[in-house]
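See below for the structure under consideration.
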Amino acid sequence: MSSPNELFTQPLAVINIGLQIFAEALQVQGVSCVHVDWRPPAGGDADLMAILARLNS
Amino acid sequence: MIIRNVVRKNFYNDSVSLMLLSSKIGKMAGVKEAAVMMATAHNIEIMERSGLLLPDSKGASPNDMLIAVLAEDEESSAAALEAVDEYFAGGGQGVQAGDELVAKSQTTALGMLPGANLSLISVPGPYAAAEAKKALNNKLHVFLFSDNVTLQEEKELKDIAAAKGLLMMGPDCGTAIINGVGLGFANAVPKGPIGLVAAAGTGLQEVACLITELGGGISQALGTGGRDIKNAIGGTTMLMGLAALARDPATKVIVLVAKPPEENVLGKLNVALQSVNKPVVTCFLGAKGELAGEGVYPVGNLQEAALKAVELSALGADSGADFIISASNVKEIAAAEATCLRTPQRYLRGLYSGGTLCYEALLLVKPHIGNAYSNVSLEPHFLLASPDESKEHTLLDMGDDYFTAGRPHPMIDPSLRVERIRREAADPETAVILLDLVLGHGSHRDPAGALLPAIREGKREATAAGRHLSVVASVCGTSSDPQGLVEQEEKLRTAGVIVMPSNAQAVAMAAAILTSHNKI
């Protein structure tokens, strides 16, 4: 089991999903960061997304 | 006028980048309005309402990008569309990350960064919970910036996180500082012995910045999202944050910041506080019944929270003396301003970018000038019928959903606030305009510079009409922020703005000017 206190003792390493400005801010602060080039799953099709969610669960 | 629409199939870009691009294109010569958006049902509706949508574009799908331009002539619309093409041909203006730093999915990202311990998620609300769940299942702590996540999803995410011992900050979490790193909208603050947990974004920023100004520093500052303190969520993140800071050897004093927690959460916090062997400052804005007990210090506003925390950490016990502008000084400045005001100028108009700062102002003005109208008032009678029209004393939260639908937050793009400053300044009943400027990572690069032309123009036009316009502001930031606290404050002063060291003091100054004016 993890804990926030464990996180407090580690260098931060971030996966950024969404707005690029936040990845940029992390880079400026010298933080290890991978930016995910996120796109809506199933091309944003709500019905297809529901099917994918069922398949994944 | 000419309307042009271009649909780019399967071309996804994040909303903030697109909104900043829209704003840039909208300012081009001959362009009356421009919107570059992903073609979600909501965005199509916004474009239709603004009269920017052509019938053929209605069939665009949420994964398509829709560019709409309303221009005076063919030439201007062609130039605007060309500028959009150039923007994307150049890879956009956002982060120019090397290929090795960009992944296609969370899973590939984890492969590229095996030591990852936190995921910062800001995808559109309907997709956010699924991404957050994936991150938690990958044993990552989560900072979830996205809003429009349901209460049920929030509860589920927080329960999963709690079972795994992971922090689930958000949804709708604006800011946090972990190990000295700012996440979301965050200020550059020094490390120190004060730990914060806040269910109030700009509340956390204001307290952290004031602690810095007072000579203190921050161990960790955890955000929870505003709904964490509701019974339906149960304060899960606030309780976990409190427990973590209680165990953290670098934290000597803890500060909790929130609107008043609901009853069950307050009960749980009371129990949790029994086992905390460190002083805890509680700043529950507007609370009637407070937590009490040995080592618990309830305070009434954000500035008091910072002052008490610094005092308890024994770092700068007497810094407050220099920090607070004396009552006699405030009275003197207020009286000088008031003598310049004309009789019909009776009202305060607060135009806020920070939600918690606006909420704090509503509470703090009440004893001096009575209730102000607002788009976020908790008192139904004082809720504005339309946020577009001020009424008597008005305090607006311009970061509220009403103003941000289809637009960037005013902390990123000040254009809507600039427009509103102009309108309020032109109102002959406006006596004082009250502003906040929030600095830090993620915020506009020069908020003072962006607001100054409207402030100057407002003051000049008021003078030309035989009036005087008072403008009072506070800047929430630090000297280490990219925008620089001193530089931003100085810029405001050059335009005749009265700059106060905190939101609480800015509100007190604005109220003093009005009170003084009413006595004349």
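Each chain in the structure tokens gets a letter, A, B and so on, in the order shown; residues start at 1 in every chain, and ligands are counted from 1 in the order they appear.
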
Exercise. Mind listing as a PyMOL selection string which residues of chain B are within 7 Å of chain A, counting only C-alpha atoms?
Worked result: chain B and resi 12+14+16+62-63+94-95+101-106+109+113+115-123+164-167+179+181+184+244+248+441-442

Exercise. Hey, what does DSSP flag as strand (DSSP E) within segment 68-133 of chain B? Can you give it to me as a ChimeraX atom specification?
Worked result: /B:68-71,102-103,118-121

Please save N, CA, C and O atoms of the selected residues as a short mmCIF file (atom, residue, chain, number, x, y, z; two decimals), in the first residue's frame.
data_model
loop_
_atom_site.label_atom_id
_atom_site.label_comp_id
_atom_site.auth_asym_id
_atom_site.auth_seq_id
_atom_site.Cartn_x
_atom_site.Cartn_y
_atom_site.Cartn_z
N ALA B 68 -14.24 28.69 -36.84
CA ALA B 68 -15.28 29.60 -37.32
C ALA B 68 -14.79 31.03 -37.21
O ALA B 68 -14.24 31.43 -36.20
N VAL B 69 -15.00 31.78 -38.29
CA VAL B 69 -14.53 33.17 -38.33
C VAL B 69 -15.66 34.06 -38.84
O VAL B 69 -16.30 33.75 -39.84
N LEU B 70 -15.93 35.14 -38.11
CA LEU B 70 -16.86 36.17 -38.57
C LEU B 70 -16.00 37.39 -38.87
O LEU B 70 -15.36 37.95 -37.97
N ALA B 71 -15.96 37.78 -40.15
CA ALA B 71 -15.05 38.86 -40.53
C ALA B 71 -15.76 39.90 -41.40
O ALA B 71 -16.84 39.63 -41.95
N VAL B 102 6.63 12.81 -25.20
CA VAL B 102 5.20 12.77 -25.49
C VAL B 102 4.77 11.33 -25.74
O VAL B 102 5.36 10.63 -26.55
N ALA B 103 3.72 10.90 -25.01
CA ALA B 103 3.23 9.53 -25.16
C ALA B 103 1.84 9.56 -25.75
O ALA B 103 1.15 10.58 -25.70
N LEU B 118 2.82 10.45 -9.92
CA LEU B 118 1.62 11.30 -9.87
C LEU B 118 1.10 11.55 -11.29
O LEU B 118 1.88 11.67 -12.22
N SER B 119 -0.21 11.61 -11.41
CA SER B 119 -0.79 11.94 -12.71
C SER B 119 -1.58 13.24 -12.60
O SER B 119 -2.40 13.39 -11.68
N LEU B 120 -1.27 14.17 -13.49
CA LEU B 120 -1.98 15.45 -13.52
C LEU B 120 -2.97 15.39 -14.68
O LEU B 120 -2.56 15.30 -15.85
N ILE B 121 -4.25 15.40 -14.36
CA ILE B 121 -5.25 15.14 -15.40
C ILE B 121 -6.14 16.37 -15.62
O ILE B 121 -6.72 16.90 -14.67
#

Env of segment 482-484 of chain B: 10 Å cut, atoms = only C-alpha atoms, seq-sep filter 5 positions within chain, self excluded. Answer as an mmCIF file with all heavy atoms, in the first residue's frame.
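Dumped to around_14.cif:
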data_model
loop_
_atom_site.group_PDB
_atom_site.id
_atom_site.type_symbol
_atom_site.label_atom_id
_atom_site.label_comp_id
_atom_site.auth_asym_id
_atom_site.auth_seq_id
_atom_site.Cartn_x
_atom_site.Cartn_y
_atom_site.Cartn_z
ATOM 1 N N VAL A 28 9.387 23.799 -16.796
ATOM 2 C CA VAL A 28 10.047 25.010 -16.291
ATOM 3 C C VAL A 28 10.573 24.767 -14.863
ATOM 4 O O VAL A 28 11.631 25.250 -14.485
ATOM 5 C CB VAL A 28 9.060 26.212 -16.313
ATOM 6 C CG1 VAL A 28 9.600 27.395 -15.548
ATOM 7 C CG2 VAL A 28 8.753 26.613 -17.751
ATOM 8 N N ASN B 187 1.894 28.806 -7.138
ATOM 9 C CA ASN B 187 2.915 29.834 -6.934
ATOM 10 C C ASN B 187 4.233 29.213 -6.515
ATOM 11 O O ASN B 187 4.272 28.116 -5.960
ATOM 12 C CB ASN B 187 2.434 30.811 -5.866
ATOM 13 C CG ASN B 187 1.106 31.441 -6.237
ATOM 14 O OD1 ASN B 187 0.049 30.953 -5.851
ATOM 15 N ND2 ASN B 187 1.152 32.487 -7.035
ATOM 16 N N ALA B 188 5.311 29.959 -6.798
ATOM 17 C CA ALA B 188 6.649 29.510 -6.409
ATOM 18 C C ALA B 188 6.890 29.954 -4.963
ATOM 19 O O ALA B 188 7.081 31.137 -4.702
ATOM 20 C CB ALA B 188 7.682 30.122 -7.347
ATOM 21 N N VAL B 438 -3.942 37.037 -9.842
ATOM 22 C CA VAL B 438 -3.361 35.798 -9.334
ATOM 23 C C VAL B 438 -2.187 35.393 -10.227
ATOM 24 O O VAL B 438 -2.353 35.156 -11.420
ATOM 25 C CB VAL B 438 -4.419 34.670 -9.251
ATOM 26 C CG1 VAL B 438 -3.809 33.412 -8.648
ATOM 27 C CG2 VAL B 438 -5.613 35.122 -8.415
ATOM 28 N N LEU B 439 -1.011 35.352 -9.616
ATOM 29 C CA LEU B 439 0.209 35.003 -10.367
ATOM 30 C C LEU B 439 0.520 33.514 -10.212
ATOM 31 O O LEU B 439 -0.173 32.798 -9.522
ATOM 32 C CB LEU B 439 1.397 35.823 -9.847
ATOM 33 C CG LEU B 439 1.204 37.333 -9.652
ATOM 34 C CD1 LEU B 439 2.522 37.972 -9.221
ATOM 35 C CD2 LEU B 439 0.696 37.971 -10.927
ATOM 36 N N GLY B 440 1.602 33.094 -10.821
ATOM 37 C CA GLY B 440 2.058 31.719 -10.648
ATOM 38 C C GLY B 440 2.098 30.958 -11.954
ATOM 39 O O GLY B 440 1.742 31.485 -13.013
ATOM 40 N N HIS B 441 2.547 29.704 -11.876
ATOM 41 C CA HIS B 441 2.590 28.843 -13.057
ATOM 42 C C HIS B 441 1.162 28.631 -13.559
ATOM 43 O O HIS B 441 0.247 28.480 -12.768
ATOM 44 C CB HIS B 441 3.228 27.501 -12.703
ATOM 45 C CG HIS B 441 4.654 27.631 -12.286
ATOM 46 N ND1 HIS B 441 5.655 27.969 -13.172
ATOM 47 C CD2 HIS B 441 5.243 27.501 -11.081
ATOM 48 C CE1 HIS B 441 6.802 28.024 -12.523
ATOM 49 N NE2 HIS B 441 6.585 27.753 -11.247
ATOM 50 N N GLY B 442 1.000 28.603 -14.860
ATOM 51 C CA GLY B 442 -0.330 28.364 -15.443
ATOM 52 C C GLY B 442 -1.111 29.646 -15.661
ATOM 53 O O GLY B 442 -1.968 29.706 -16.527
ATOM 54 N N SER B 443 -0.814 30.698 -14.885
ATOM 55 C CA SER B 443 -1.562 31.956 -15.023
ATOM 56 C C SER B 443 -1.011 32.791 -16.186
ATOM 57 O O SER B 443 0.070 32.515 -16.691
ATOM 58 C CB SER B 443 -1.457 32.781 -13.742
ATOM 59 O OG SER B 443 -2.252 32.218 -12.737
ATOM 60 N N HIS B 444 -1.741 33.860 -16.544
ATOM 61 C CA HIS B 444 -1.330 34.774 -17.605
ATOM 62 C C HIS B 444 0.074 35.318 -17.325
ATOM 63 O O HIS B 444 0.441 35.530 -16.169
ATOM 64 C CB HIS B 444 -2.343 35.927 -17.686
ATOM 65 C CG HIS B 444 -2.147 36.817 -18.862
ATOM 66 N ND1 HIS B 444 -1.289 37.893 -18.851
ATOM 67 C CD2 HIS B 444 -2.696 36.781 -20.098
ATOM 68 C CE1 HIS B 444 -1.334 38.490 -20.031
ATOM 69 N NE2 HIS B 444 -2.171 37.837 -20.810
ATOM 70 N N ARG B 445 0.843 35.557 -18.385
ATOM 71 C CA ARG B 445 2.242 35.962 -18.198
ATOM 72 C C ARG B 445 2.387 37.370 -17.626
ATOM 73 O O ARG B 445 3.402 37.705 -17.034
ATOM 74 C CB ARG B 445 2.993 35.873 -19.524
ATOM 75 C CG ARG B 445 3.337 34.438 -19.805
ATOM 76 C CD ARG B 445 3.986 34.239 -21.133
ATOM 77 N NE ARG B 445 4.025 32.796 -21.389
ATOM 78 C CZ ARG B 445 4.379 32.273 -22.525
ATOM 79 N NH1 ARG B 445 4.737 33.043 -23.508
ATOM 80 N NH2 ARG B 445 4.388 30.968 -22.679
ATOM 81 N N ASP B 446 1.393 38.215 -17.820
ATOM 82 C CA ASP B 446 1.484 39.591 -17.327
ATOM 83 C C ASP B 446 0.077 40.138 -17.059
ATOM 84 O O ASP B 446 -0.424 40.984 -17.806
ATOM 85 C CB ASP B 446 2.214 40.458 -18.377
ATOM 86 C CG ASP B 446 2.348 41.904 -17.946
ATOM 87 O OD1 ASP B 446 2.126 42.207 -16.749
ATOM 88 O OD2 ASP B 446 2.661 42.748 -18.817
ATOM 89 N N PRO B 447 -0.563 39.662 -15.987
ATOM 90 C CA PRO B 447 -1.955 40.098 -15.764
ATOM 91 C C PRO B 447 -2.071 41.601 -15.552
ATOM 92 O O PRO B 447 -3.016 42.223 -16.056
ATOM 93 C CB PRO B 447 -2.397 39.316 -14.530
ATOM 94 C CG PRO B 447 -1.176 38.718 -13.935
ATOM 95 C CD PRO B 447 -0.142 38.646 -15.010
ATOM 96 N N ALA B 448 -1.117 42.219 -14.847
ATOM 97 C CA ALA B 448 -1.201 43.666 -14.610
ATOM 98 C C ALA B 448 -1.129 44.401 -15.948
ATOM 99 O O ALA B 448 -1.926 45.299 -16.220
ATOM 100 C CB ALA B 448 -0.089 44.126 -13.681
ATOM 101 N N GLY B 477 0.596 36.408 -5.124
ATOM 102 C CA GLY B 477 1.781 35.884 -5.801
ATOM 103 C C GLY B 477 3.007 36.055 -4.932
ATOM 104 O O GLY B 477 2.924 36.576 -3.817
ATOM 105 N N GLU B 489 2.907 44.553 -8.897
ATOM 106 C CA GLU B 489 2.351 45.587 -8.015
ATOM 107 C C GLU B 489 2.755 46.983 -8.498
ATOM 108 O O GLU B 489 1.946 47.907 -8.504
ATOM 109 C CB GLU B 489 2.839 45.366 -6.574
ATOM 110 C CG GLU B 489 2.193 44.161 -5.903
ATOM 111 C CD GLU B 489 2.588 43.980 -4.444
ATOM 112 O OE1 GLU B 489 3.690 44.458 -4.063
ATOM 113 O OE2 GLU B 489 1.817 43.373 -3.686
#

Exercise. Skipping near chain neighbours, those fewer than 3 positions away, what residues fall within 12 Å of segment 77-90 of chain B using only C-alpha atoms, listed as number ranges by chain?
Worked result: B: 1-8, 11-13, 17-18, 20-37, 65-74, 93-96

For this session: Can you list, as a ChimeraX atom specification, all residues belonging to segment 254-431 of chain B that DSSP tags as alpha helix (DSSP H)?
Result: /B:263-274,302-312,319-323,327-340,355-369,401-404,415-426

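Here atom CA of Glu429 of chain B stands at a distance of 29.2 Å from atom CA of Ala405 of chain B.
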